[in-house]
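K.L.:
This is start32.txt, which holds compact mmCIF, C-alpha atoms:
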# COMPACT_ATOMS: atom_id res chain seq x y z
CA MET I 1 -18.39 19.97 13.43
CA ALA I 2 -20.73 20.31 10.47
CA ALA I 3 -24.31 19.15 10.90
CA THR I 4 -25.73 16.00 9.36
CA HIS I 5 -29.17 14.81 8.40
CA ARG I 6 -30.26 12.31 11.05
CA ILE I 7 -30.41 8.65 10.06
CA ALA I 8 -31.55 5.51 11.80
CA ALA I 9 -28.82 4.02 13.95
CA GLY I 10 -27.57 0.63 12.81
CA ALA I 11 -28.68 1.03 9.19
CA VAL I 12 -26.48 -1.09 6.98
CA VAL I 13 -26.97 0.89 3.79
CA ALA I 14 -28.44 4.38 3.63
CA ALA I 15 -28.23 7.49 1.48
CA VAL I 16 -27.73 10.72 3.35
CA CYS I 17 -26.53 14.21 2.51
CA VAL I 18 -23.72 14.95 4.95
CA VAL I 19 -22.65 18.58 4.98
CA SER I 20 -19.23 17.86 6.42
CA LEU I 21 -18.60 15.28 3.71
CA ALA I 22 -20.33 16.55 0.63
CA GLY I 23 -21.29 20.18 1.17
CA CYS I 24 -24.73 19.58 -0.39
CA GLY I 25 -27.95 21.26 0.66
CA ALA I 26 -31.38 22.41 -0.56
CA GLY I 27 -33.53 25.47 -0.09
CA ALA I 28 -36.76 27.02 -1.38
CA ASP I 29 -36.75 27.34 -5.17
CA GLY I 30 -39.53 29.86 -5.61
CA THR I 31 -41.94 27.48 -7.40
CA ASP I 32 -45.61 27.37 -6.44
CA GLU I 33 -47.47 24.22 -5.31
CA GLN I 34 -48.73 23.35 -8.83
CA GLU I 35 -45.23 23.54 -10.30
CA ARG I 36 -43.86 21.45 -7.51
CA GLY I 37 -46.63 18.91 -8.05
CA GLN I 38 -45.66 18.62 -11.70
CA GLU I 39 -42.02 18.18 -10.72
CA LYS I 40 -42.92 15.25 -8.51
CA ALA I 41 -43.94 13.29 -11.56
CA LYS I 42 -40.42 13.58 -12.99
CA PRO I 43 -37.71 11.06 -12.06
CA ALA I 44 -35.65 12.37 -9.16
CA PRO I 45 -32.05 13.08 -10.15
CA ALA I 46 -29.46 10.77 -8.63
CA PRO I 47 -27.77 12.37 -5.63
CA LYS I 48 -24.31 13.65 -6.43
CA ASN I 49 -22.86 12.71 -3.06
CA VAL I 50 -24.15 9.52 -1.50
CA VAL I 51 -23.02 8.18 1.84
CA ARG I 52 -23.53 4.44 2.30
CA LEU I 53 -23.16 3.64 5.97
CA ILE I 54 -21.20 0.59 7.02
CA GLY I 55 -22.19 -1.40 10.11
CA ASP I 56 -23.25 0.93 12.94
CA GLY I 57 -22.45 4.02 10.86
CA SER I 58 -18.99 4.62 12.32
CA THR I 59 -17.60 4.44 8.79
CA ALA I 60 -19.13 4.90 5.38
CA TYR I 61 -18.47 4.51 1.70
CA THR I 62 -18.47 7.97 0.07
CA GLY I 63 -16.81 7.23 -3.25
CA ALA I 64 -13.24 7.67 -4.39
CA GLN I 65 -10.98 9.64 -2.09
CA PRO I 66 -10.66 13.29 -3.16
CA HIS I 67 -7.37 14.90 -4.13
CA LEU I 68 -5.52 11.71 -5.10
CA PRO I 69 -3.28 12.33 -8.11
CA ARG I 70 -3.39 9.79 -10.92
CA PRO I 71 -0.02 8.02 -11.00
CA GLU I 72 1.80 8.19 -14.31
CA ARG I 73 4.59 6.02 -15.65
CA LEU I 74 7.90 7.77 -16.24
CA LYS I 75 8.57 8.51 -19.88
CA PRO I 76 11.89 7.35 -21.40
CA GLY I 77 14.64 9.66 -20.19
CA GLU I 78 12.41 11.45 -17.67
CA LYS I 79 13.90 12.37 -14.29
CA PRO I 80 11.94 10.91 -11.38
CA PRO I 81 10.18 13.33 -9.05
CA GLN I 82 11.60 13.69 -5.56
CA PHE I 83 9.09 12.07 -3.23
CA VAL I 84 8.99 12.93 0.48
CA VAL I 85 6.70 11.12 2.92
CA PHE I 86 5.87 12.66 6.30
CA SER I 87 4.15 10.14 8.56
CA TRP I 88 2.81 10.22 12.11
CA ASP I 89 2.77 7.31 14.57
CA GLY I 90 -0.24 6.94 16.87
CA ALA I 91 -2.03 9.91 15.31
CA GLY I 92 -4.72 11.43 17.50
CA GLU I 93 -5.99 14.88 18.49
CA ASP I 94 -5.50 15.95 22.10
CA SER I 95 -5.15 19.26 23.95
CA GLN I 96 -1.94 20.05 22.03
CA LYS I 97 -3.95 20.06 18.77
CA LEU I 98 -0.94 18.92 16.76
CA PHE I 99 -3.02 16.80 14.37
CA SER I 100 -5.10 19.80 13.29
CA HIS I 101 -2.00 22.00 13.19
CA PHE I 102 -0.08 19.75 10.80
CA ARG I 103 -3.15 19.29 8.62
CA LYS I 104 -3.01 23.07 8.16
CA VAL I 105 0.75 23.00 7.56
CA ALA I 106 0.30 20.32 4.89
CA LYS I 107 -2.46 22.24 3.08
CA GLU I 108 -0.40 25.44 3.07
CA ASN I 109 2.57 23.65 1.50
CA ASN I 110 0.91 21.46 -1.14
CA ALA I 111 1.55 18.29 0.88
CA THR I 112 -0.37 15.21 1.92
CA MET I 113 0.74 12.89 4.73
CA THR I 114 0.10 9.50 6.35
CA TYR I 115 -1.49 9.29 9.78
CA PHE I 116 -0.99 5.96 11.57
CA LEU I 117 -3.95 5.78 13.94
CA SER I 118 -3.71 3.80 17.18
CA GLY I 119 -7.00 1.88 17.39
CA VAL I 120 -7.33 2.37 21.17
CA TYR I 121 -7.53 6.14 20.56
CA LEU I 122 -11.10 5.43 19.42
CA LEU I 123 -11.91 3.24 22.44
CA PRO I 124 -13.18 4.95 25.61
CA GLU I 125 -11.53 4.14 28.92
CA GLU I 126 -14.71 2.59 30.33
CA LYS I 127 -14.76 0.10 27.44
CA ARG I 128 -11.08 -0.83 27.72
CA ASP I 129 -11.85 -4.52 28.38
CA LEU I 130 -13.05 -4.80 24.78
CA TYR I 131 -9.38 -4.78 23.82
CA ARG I 132 -7.79 -8.18 24.22
CA PRO I 133 -4.10 -7.71 23.37
CA PRO I 134 -2.01 -10.73 22.40
CA GLN I 135 -0.04 -12.12 25.37
CA HIS I 136 -1.61 -9.59 27.78
CA SER I 137 -4.70 -9.43 29.94
CA PRO I 138 -7.88 -7.74 28.58
CA GLY I 139 -7.90 -3.96 28.90
CA ARG I 140 -4.12 -3.58 28.99
CA SER I 141 -2.45 -0.83 26.92
CA ASP I 142 0.93 0.85 27.26
CA ILE I 143 -0.49 4.07 25.77
CA GLY I 144 -3.81 4.11 27.60
CA PHE I 145 -7.21 4.72 26.04
CA ASN I 146 -9.30 7.83 25.34
CA ASP I 147 -12.38 9.73 26.53
CA ARG I 148 -15.45 10.77 24.54
CA GLN I 149 -14.16 14.28 23.83
CA GLY I 150 -10.78 12.97 22.70
CA ILE I 151 -12.47 10.45 20.43
CA ALA I 152 -14.77 13.10 18.94
CA ASP I 153 -11.78 15.39 18.30
CA THR I 154 -9.73 12.60 16.76
CA VAL I 155 -12.58 11.41 14.52
CA LYS I 156 -13.06 14.96 13.26
CA GLN I 157 -9.39 15.23 12.30
CA LEU I 158 -9.38 11.79 10.66
CA ARG I 159 -12.44 12.73 8.62
CA LEU I 160 -11.02 16.04 7.44
CA ALA I 161 -7.57 14.57 6.80
CA TRP I 162 -8.96 11.86 4.52
CA LEU I 163 -11.12 14.34 2.61
CA GLU I 164 -7.97 16.41 1.98
CA GLY I 165 -6.22 13.43 0.37
CA ASN I 166 -4.21 12.18 3.38
CA GLU I 167 -3.90 8.50 4.25
CA ILE I 168 -5.18 6.80 7.42
CA GLY I 169 -2.97 3.82 8.30
CA THR I 170 -2.60 1.99 11.61
CA HIS I 171 -0.16 1.92 14.51
CA PHE I 172 -2.15 -0.99 15.94
CA ASN I 173 -3.37 -0.73 19.54
CA GLY I 174 -1.53 -1.20 22.85
CA HIS I 175 2.01 -0.30 21.71
CA PHE I 176 3.78 -3.11 23.56
CA CYS I 177 7.56 -3.07 23.13
CA GLY I 178 10.44 -5.12 24.49
CA SER I 179 10.25 -8.50 26.21
CA GLY I 180 7.36 -9.89 28.20
CA GLY I 181 4.71 -9.98 25.50
CA GLY I 182 6.01 -7.19 23.29
CA VAL I 183 5.16 -7.13 19.58
CA GLY I 184 8.55 -8.63 18.76
CA GLU I 185 7.33 -11.89 20.31
CA TRP I 186 3.97 -12.08 18.52
CA SER I 187 3.10 -14.84 16.08
CA VAL I 188 1.57 -14.29 12.66
CA ALA I 189 -1.83 -15.28 14.06
CA GLU I 190 -1.47 -12.82 16.94
CA TRP I 191 -0.61 -10.03 14.53
CA LYS I 192 -3.73 -10.82 12.50
CA ASP I 193 -5.81 -10.65 15.68
CA GLU I 194 -4.27 -7.29 16.64
CA ILE I 195 -4.99 -5.90 13.16
CA ALA I 196 -8.58 -7.16 13.29
CA GLN I 197 -9.07 -5.40 16.63
CA ALA I 198 -7.56 -2.15 15.30
CA LYS I 199 -10.05 -2.23 12.44
CA ARG I 200 -12.94 -3.09 14.76
CA PHE I 201 -12.34 -0.11 17.05
CA VAL I 202 -12.43 2.20 14.03
CA LYS I 203 -15.58 0.55 12.68
CA THR I 204 -17.48 0.65 16.02
CA TRP I 205 -16.48 3.93 17.67
CA LYS I 206 -20.10 5.15 17.56
CA THR I 207 -21.40 2.11 19.43
CA ASN I 208 -18.57 2.26 21.96
CA THR I 209 -19.02 5.98 22.67
CA GLY I 210 -22.79 6.32 22.24
CA MET I 211 -22.30 9.16 19.73
CA LYS I 212 -24.84 7.68 17.33
CA ASN I 213 -25.71 10.95 15.54
CA ALA I 214 -22.14 12.04 14.75
CA ALA I 215 -20.95 12.09 11.15
CA PRO I 216 -19.21 8.88 10.04
CA LEU I 217 -15.64 8.50 8.95
CA PRO I 218 -15.92 8.82 5.15
CA PHE I 219 -14.09 5.64 4.20
CA ASP I 220 -14.30 1.86 4.37
CA TYR I 221 -11.40 1.04 6.68
CA ASP I 222 -11.11 -2.52 5.37
CA LYS I 223 -10.18 -0.99 2.02
CA GLU I 224 -8.43 2.14 3.27
CA LEU I 225 -5.94 0.28 5.45
CA ILE I 226 -3.01 -0.83 3.29
CA GLY I 227 0.06 -0.25 5.46
CA ALA I 228 1.52 0.33 8.89
CA ARG I 229 4.52 0.93 11.12
CA THR I 230 5.04 -1.45 14.04
CA PRO I 231 5.57 -0.12 17.60
CA CYS I 232 9.24 0.53 18.31
CA LEU I 233 9.97 -0.98 14.86
CA GLU I 234 9.75 -4.44 16.45
CA GLY I 235 8.05 -7.64 15.28
CA ARG I 236 8.40 -6.79 11.63
CA LYS I 237 9.06 -10.30 10.30
CA ASN I 238 5.80 -11.86 11.49
CA PHE I 239 3.83 -8.66 10.93
CA MET I 240 4.82 -8.61 7.26
CA LYS I 241 3.66 -12.22 6.83
CA ALA I 242 0.31 -11.33 8.38
CA ALA I 243 0.05 -8.11 6.38
CA ARG I 244 0.73 -9.91 3.11
CA ASP I 245 -2.04 -12.42 3.84
CA LEU I 246 -4.43 -9.54 4.65
CA GLY I 247 -3.75 -7.68 1.42
CA PHE I 248 -1.59 -4.85 2.75
CA ARG I 249 0.63 -3.14 0.19
CA TYR I 250 3.54 -1.73 2.21
CA ASP I 251 5.41 -1.72 5.50
CA THR I 252 7.50 1.12 6.95
CA SER I 253 8.91 -0.52 10.08
CA GLY I 254 12.50 -0.96 8.97
CA VAL I 255 15.74 1.01 8.68
CA ASN I 256 17.46 1.54 5.35
CA ASN I 257 19.79 3.82 3.44
CA GLN I 258 18.52 6.47 1.04
CA VAL I 259 18.04 4.16 -1.94
CA TRP I 260 15.07 3.26 -4.10
CA PRO I 261 12.67 0.78 -2.46
CA LYS I 262 11.92 -2.78 -3.47
CA LYS I 263 9.34 -5.35 -2.45
CA LYS I 264 9.95 -7.65 0.51
CA HIS I 265 7.63 -10.58 1.32
CA GLY I 266 5.19 -9.17 -1.25
CA LEU I 267 5.05 -5.69 0.34
CA TRP I 268 6.78 -2.49 -0.65
CA ASP I 269 9.59 -1.98 1.87
CA LEU I 270 9.27 1.73 2.63
CA SER I 271 11.64 1.77 5.59
CA MET I 272 12.71 4.96 7.26
CA GLN I 273 16.22 6.00 6.35
CA LEU I 274 19.57 7.11 7.70
CA VAL I 275 20.50 10.75 7.08
CA PRO I 276 23.40 12.96 8.23
CA PHE I 277 23.39 13.92 11.93
CA PRO I 278 24.97 17.40 12.20
CA GLY I 279 27.74 17.50 14.80
CA HIS I 280 28.20 13.72 14.78
CA SER I 281 30.23 11.21 12.78
CA PHE I 282 27.33 8.75 12.41
CA GLU I 283 24.04 8.97 10.57
CA GLN I 284 20.63 9.14 12.21
CA LEU I 285 17.24 7.56 11.55
CA THR I 286 14.64 9.92 10.09
CA MET I 287 12.42 9.88 13.19
CA ASP I 288 11.98 12.45 15.94
CA TYR I 289 12.22 9.84 18.72
CA ASN I 290 15.65 8.67 17.55
CA PHE I 291 17.00 12.20 17.37
CA MET I 292 15.73 12.75 20.91
CA VAL I 293 17.32 9.57 22.32
CA ASN I 294 20.67 10.55 20.83
CA GLN I 295 20.39 14.04 22.30
CA SER I 296 18.70 13.84 25.72
CA GLY I 297 18.60 10.08 26.29
CA THR I 298 15.37 8.53 27.51
CA THR I 299 14.18 11.73 29.19
CA THR I 300 11.67 13.56 27.01
CA GLN I 301 12.42 16.96 28.57
CA GLY I 302 16.15 17.51 28.62
CA ASP I 303 18.20 20.66 29.15
CA PRO I 304 16.05 23.61 27.96
CA ALA I 305 19.19 25.47 26.93
CA LYS I 306 19.80 22.83 24.26
CA HIS I 307 16.26 22.55 22.85
CA GLU I 308 16.88 24.95 19.98
CA LEU I 309 20.15 23.24 19.04
CA TRP I 310 18.53 19.82 19.10
CA GLY I 311 15.67 20.93 16.88
CA ASP I 312 18.12 22.55 14.46
CA GLN I 313 20.09 19.30 14.30
CA MET I 314 17.01 17.35 13.29
CA ARG I 315 15.88 19.96 10.77
CA ASP I 316 19.33 20.28 9.19
CA GLY I 317 19.88 16.52 9.15
CA LEU I 318 16.61 15.95 7.31
CA LEU I 319 17.37 18.79 4.90
CA GLN I 320 20.83 17.38 4.18
CA GLY I 321 19.26 14.00 3.50
CA PHE I 322 16.73 15.67 1.23
CA GLU I 323 19.38 17.53 -0.77
CA ARG I 324 21.47 14.38 -1.08
CA ALA I 325 18.56 12.59 -2.73
CA TYR I 326 17.20 15.57 -4.68
CA ARG I 327 20.56 16.24 -6.34
CA GLY I 328 21.52 12.56 -6.42
CA ASN I 329 19.54 9.36 -6.94
CA ARG I 330 16.09 10.89 -6.25
CA ALA I 331 15.23 8.06 -3.80
CA PRO I 332 12.05 8.82 -1.84
CA LEU I 333 12.76 10.33 1.58
CA ILE I 334 10.75 8.60 4.34
CA ILE I 335 10.25 10.52 7.62
CA GLY I 336 8.51 9.35 10.80
CA ASN I 337 7.19 11.48 13.68
CA HIS I 338 4.96 11.56 16.76
CA PHE I 339 2.47 14.19 17.91
CA GLU I 340 4.53 14.94 21.02
CA SER I 341 6.14 17.95 22.72
CA TRP I 342 9.42 16.26 23.51
CA ASN I 343 12.16 18.69 24.51
CA GLY I 344 9.83 21.64 24.42
CA GLY I 345 8.30 20.79 21.05
CA THR I 346 11.58 21.38 19.24
CA TYR I 347 11.07 18.40 16.90
CA MET I 348 7.63 19.62 15.85
CA ARG I 349 9.21 22.93 14.94
CA ALA I 350 11.93 21.11 13.00
CA VAL I 351 9.44 19.02 11.00
CA GLU I 352 7.34 22.07 10.16
CA GLU I 353 10.39 23.93 8.88
CA VAL I 354 11.34 20.95 6.71
CA VAL I 355 7.84 20.79 5.22
CA GLU I 356 7.98 24.51 4.43
CA ALA I 357 11.47 24.22 2.94
CA VAL I 358 10.97 21.26 0.60
CA CYS I 359 7.32 20.64 -0.29
CA THR I 360 6.87 23.63 -2.60
CA ARG I 361 10.14 23.12 -4.51
CA SER I 362 10.27 22.20 -8.16
CA GLU I 363 9.92 18.48 -8.95
CA VAL I 364 9.15 17.65 -5.30
CA ARG I 365 6.04 15.73 -4.26
CA CYS I 366 5.21 15.48 -0.55
CA VAL I 367 2.86 12.52 -0.54
CA SER I 368 1.33 9.79 1.59
CA PHE I 369 2.57 6.21 1.49
CA ARG I 370 -0.56 5.26 -0.46
CA GLN I 371 0.30 7.78 -3.18
CA LEU I 372 3.91 6.60 -3.25
CA VAL I 373 3.01 2.91 -3.69
CA ASP I 374 0.44 3.84 -6.33
CA TRP I 375 3.25 5.55 -8.25
CA LEU I 376 5.69 2.68 -7.73
CA ASP I 377 3.12 0.15 -8.94
CA ALA I 378 2.56 2.22 -12.09
CA GLN I 379 6.23 2.12 -13.11
CA ASP I 380 7.98 -0.24 -15.48
CA PRO I 381 9.73 -2.81 -13.22
CA LYS I 382 12.85 -2.46 -15.38
CA THR I 383 12.92 1.27 -14.65
CA LEU I 384 12.69 0.68 -10.90
CA ALA I 385 15.41 -1.96 -11.11
CA LYS I 386 17.65 0.56 -12.87
CA LEU I 387 16.95 3.18 -10.21
CA ARG I 388 17.94 0.71 -7.52
CA THR I 389 21.44 0.48 -9.00
CA LEU I 390 22.13 4.04 -7.82
CA GLY I 391 23.83 4.36 -4.44
CA VAL I 392 23.13 6.93 -1.73
CA GLY I 393 23.34 10.40 -3.23
CA GLU I 394 24.53 9.01 -6.58
CA ALA I 395 23.30 10.85 -9.64
CA PRO I 396 23.56 9.16 -13.08
CA GLU I 397 26.96 9.96 -14.57
CA GLN I 398 25.57 10.64 -18.03
CA GLY I 399 22.45 12.39 -16.78
CA TRP I 400 18.88 11.20 -16.36
CA LYS I 401 18.01 11.36 -20.06
CA SER I 402 20.63 8.76 -20.88
CA PHE I 403 20.18 6.70 -17.71
CA LEU I 404 16.46 6.09 -18.13
CA SER I 405 16.25 6.26 -21.90
CA ALA I 406 14.91 3.28 -23.83
CA ALA I 407 17.76 3.94 -26.28
CA PRO I 408 20.96 5.48 -24.89
CA ALA I 409 21.31 9.16 -25.63
CA PRO I 410 23.98 10.08 -28.20
CA ALA I 411 27.40 10.56 -26.70
CA PRO I 412 28.55 14.20 -26.46
CA LYS I 413 30.83 15.43 -29.23
CA GLY I 414 34.51 14.99 -28.66
CA VAL I 415 34.34 11.95 -26.37
CA PRO I 416 35.08 8.31 -27.25
CA GLY I 417 32.21 6.77 -29.17
CA ALA I 418 30.82 10.08 -30.37
CA PRO I 419 29.91 10.47 -34.06
CA ALA I 420 32.72 11.83 -36.19
CA ALA I 421 32.58 15.58 -36.64
CA LYS I 422 31.32 16.77 -40.02
CA ARG I 423 33.87 18.51 -42.20
Represent the supplied structure as structure tokens.

P.N.:
Amino acid sequence: MAATHRIAAGAVVAAVCVVSLAGCGAGADGTDEQERGQEKAKPAPAPKNVVRLIGDGSTAYTGAQPHLPRPERLKPGEKPPQFVVFSWDGAGEDSQKLFSHFRKVAKENNATMTYFLSGVYLLPEEKRDLYRPPQHSPGRSDIGFNDRQGIADTVKQLRLAWLEGNEIGTHFNGHFCGSGGGVGEWSVAEWKDEIAQAKRFVKTWKTNTGMKNAAPLPFDYDKELIGARTPCLEGRKNFMKAARDLGFRYDTSGVNNQVWPKKKHGLWDLSMQLVPFPGHSFEQLTMDYNFMVNQSGTTTQGDPAKHELWGDQMRDGLLQGFERAYRGNRAPLIIGNHFESWNGGTYMRAVEEVVEAVCTRSEVRCVSFRQLVDWLDAQDPKTLAKLRTLGVGEAPEQGWKSFLSAAPAPAPKGVPGAPAAKR
């Protein structure tokens, strides 16, 4: 991890040159003492890269996020780009190093992604009682907690991911599913409490680990956090009410067909989608876990002889869904994954092959949810309403120029309604 200039712990606002954030530095300039004395009388130039620490220095304001494209409104008759969103539930870096691996995969293929961080991944085991989950006793979590090394590794990946233009969302904390206090039973107030705790663990990881001199996360999480996916896709109704009140901009906890999104309860509904499932008569949700359950059941390590086939099914299903949208209605393709080695890591291989196959293609943008909602918000609502009239895989009959033109394109010669031919 890159070095930092040391700063007083607990400073609320400070300016510091952080190598890992800004790449700035200073060395001897060859001037003598007299010249340097004269320079002291001049006003010091404003630092180009200022880090303003927040709270205990776990997070910081470092300016606008790098590598975010400026969203542009479609011009009349312009074909929409094909958006693809790759997202990761419970993102953290462990011994498998899948977080760092897919950061590299994204960079190599002109992609950015969304990483849904589980807040307890930044809370050490010995401080577990700081987490007070709704409807459960303090210190309870169905996905455990972390240790100092795991937290340091995860923070490093979060920092680098954000600086590369990726989004840091939330997967909340304890990942409680089903009955008996699962997220599907939580009230709006309980969801707000869970979200507040997820933010707090991100904003206090230095205090909770004692790593006071580590570099901060380079963002204000209160402003960075604009969307989420609920555990097991449960509890969405009350979560969306809480999220709307808290200023979130999207939710991706639902299931939908490959059609253009609309707002629901004030949030963009960016649900995952159903795509073809090779070898089956039904369609499959665009998530590794769901492919696994329909292949090896609840066991995460099924028949090794079938691992390659199962990975190919996921890859080919996602690619078929991509082609259906790319050649059809151009609806954004929403994909969800986990940093896991289920069935020998075959789903990680499948996702990587999909990234490599689609993200460098013409008119394709592999983006984060933040970038997608920025683009959606920049569009003419009438244009989006028109796009939503297209069904799954349905391309405009008269072509995109006519379909999205402010004035309908002239009819082709020789068809009803076309101008009379000149003699």

K.L.:
Applying 6 Å and only C-alpha atoms, which residues near stretch 135-139 of chain I remain after dropping the ones on its own chain fewer than 5 positions away? List them as a list in words.

P.N.:
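The neighbour list is Arg128, Asp129 and Gly181 of chain I.
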
K.L.:
Kindly give the distance, in Å, that separates atom CA of I:Asp303 and atom CA of I:Tyr289, rounded to a single decimal.

P.N.:
16.2 Å

K.L.:
Pick from I:Lys97, I:Lys203, I:Lys104, I:Arg324: nearest to I:Thr154, with all atoms listed in the file counted?

P.N.:
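Once distances to I:Thr154 are computed over all atoms listed in the file, the minimum belongs to I:Lys97.
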
K.L.:
Show me the residues around (0.8, 5.6, 10.4) - criterion: an atom at most 10 Å away, all atoms listed in the file counted - as a PDB file with C-alpha atoms, keeping the file's coordinate frame.

P.N.:
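File result_26.pdb, as written:
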ATOM      1  CA  PHE I  86       5.870  12.660   6.300  1.00  0.00           C
ATOM      2  CA  SER I  87       4.150  10.140   8.560  1.00  0.00           C
ATOM      3  CA  TRP I  88       2.810  10.220  12.110  1.00  0.00           C
ATOM      4  CA  ASP I  89       2.770   7.310  14.570  1.00  0.00           C
ATOM      5  CA  GLY I  90      -0.240   6.940  16.870  1.00  0.00           C
ATOM      6  CA  ALA I  91      -2.030   9.910  15.310  1.00  0.00           C
ATOM      7  CA  MET I 113       0.740  12.890   4.730  1.00  0.00           C
ATOM      8  CA  THR I 114       0.100   9.500   6.350  1.00  0.00           C
ATOM      9  CA  TYR I 115      -1.490   9.290   9.780  1.00  0.00           C
ATOM     10  CA  PHE I 116      -0.990   5.960  11.570  1.00  0.00           C
ATOM     11  CA  LEU I 117      -3.950   5.780  13.940  1.00  0.00           C
ATOM     12  CA  SER I 118      -3.710   3.800  17.180  1.00  0.00           C
ATOM     13  CA  GLU I 167      -3.900   8.500   4.250  1.00  0.00           C
ATOM     14  CA  ILE I 168      -5.180   6.800   7.420  1.00  0.00           C
ATOM     15  CA  GLY I 169      -2.970   3.820   8.300  1.00  0.00           C
ATOM     16  CA  THR I 170      -2.600   1.990  11.610  1.00  0.00           C
ATOM     17  CA  HIS I 171      -0.160   1.920  14.510  1.00  0.00           C
ATOM     18  CA  PHE I 172      -2.150  -0.990  15.940  1.00  0.00           C
ATOM     19  CA  LEU I 225      -5.940   0.280   5.450  1.00  0.00           C
ATOM     20  CA  GLY I 227       0.060  -0.250   5.460  1.00  0.00           C
ATOM     21  CA  ALA I 228       1.520   0.330   8.890  1.00  0.00           C
ATOM     22  CA  ARG I 229       4.520   0.930  11.120  1.00  0.00           C
ATOM     23  CA  THR I 230       5.040  -1.450  14.040  1.00  0.00           C
ATOM     24  CA  ASP I 251       5.410  -1.720   5.500  1.00  0.00           C
ATOM     25  CA  THR I 252       7.500   1.120   6.950  1.00  0.00           C
ATOM     26  CA  GLY I 336       8.510   9.350  10.800  1.00  0.00           C
ATOM     27  CA  ASN I 337       7.190  11.480  13.680  1.00  0.00           C
ATOM     28  CA  HIS I 338       4.960  11.560  16.760  1.00  0.00           C
ATOM     29  CA  SER I 368       1.330   9.790   1.590  1.00  0.00           C
ATOM     30  CA  PHE I 369       2.570   6.210   1.490  1.00  0.00           C
TER      31      PHE I 369
END

K.L.:
Which residues, protein or nucleic acid, reach to within 9 Å of (6.9, -8.6, -0.3) in the file's coordinates when using all atoms listed in the file, and can you give that as a JSON list (two decimals) with C-alpha atoms, in the frame of the given file?

P.N.:
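Full text of out-v7.json as output:
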[["chain", "number", "residue", "atom", "x", "y", "z"],
["I", 240, "MET", "CA", 4.82, -8.61, 7.26],
["I", 241, "LYS", "CA", 3.66, -12.22, 6.83],
["I", 244, "ARG", "CA", 0.73, -9.91, 3.11],
["I", 249, "ARG", "CA", 0.63, -3.14, 0.19],
["I", 250, "TYR", "CA", 3.54, -1.73, 2.21],
["I", 262, "LYS", "CA", 11.92, -2.78, -3.47],
["I", 263, "LYS", "CA", 9.34, -5.35, -2.45],
["I", 264, "LYS", "CA", 9.95, -7.65, 0.51],
["I", 265, "HIS", "CA", 7.63, -10.58, 1.32],
["I", 266, "GLY", "CA", 5.19, -9.17, -1.25],
["I", 267, "LEU", "CA", 5.05, -5.69, 0.34],
["I", 268, "TRP", "CA", 6.78, -2.49, -0.65],
["I", 269, "ASP", "CA", 9.59, -1.98, 1.87]]

K.L.:
With distances taken over only C-alpha atoms, which residue among I:Glu108, I:His175, I:Pro218, I:Pro81 lies nearest I:Ala64?

P.N.:
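Closest to I:Ala64 of all the choices is I:Pro218.
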
K.L.:
If we count only C-alpha atoms, what is near I:Arg349 at a cut-off of 10 Å, once residues fewer than 6 positions away on the same chain are taken out, given as a CSV table (one decimal) with C-alpha atoms, in the frame of the given file?

P.N.:
chain,number,residue,atom,x,y,z
I,308,GLU,CA,16.9,25.0,20.0
I,311,GLY,CA,15.7,20.9,16.9
I,312,ASP,CA,18.1,22.6,14.5
I,314,MET,CA,17.0,17.4,13.3
I,315,ARG,CA,15.9,20.0,10.8
I,341,SER,CA,6.1,18.0,22.7

K.L.:
How far is it from atom CA of I:Thr286 to atom CA of I:Arg159, in Å with one decimal?

P.N.:
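Atom CA of I:Arg159 lies at a distance of 27.3 Å from atom CA of I:Thr286.
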
K.L.:
When distances are computed from only C-alpha atoms, which of I:Phe102, I:Phe176, I:Tyr326, I:Tyr61 shows the smallest separation from I:Met348?

P.N.:
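Of all the options, I:Phe102 lies closest to I:Met348.
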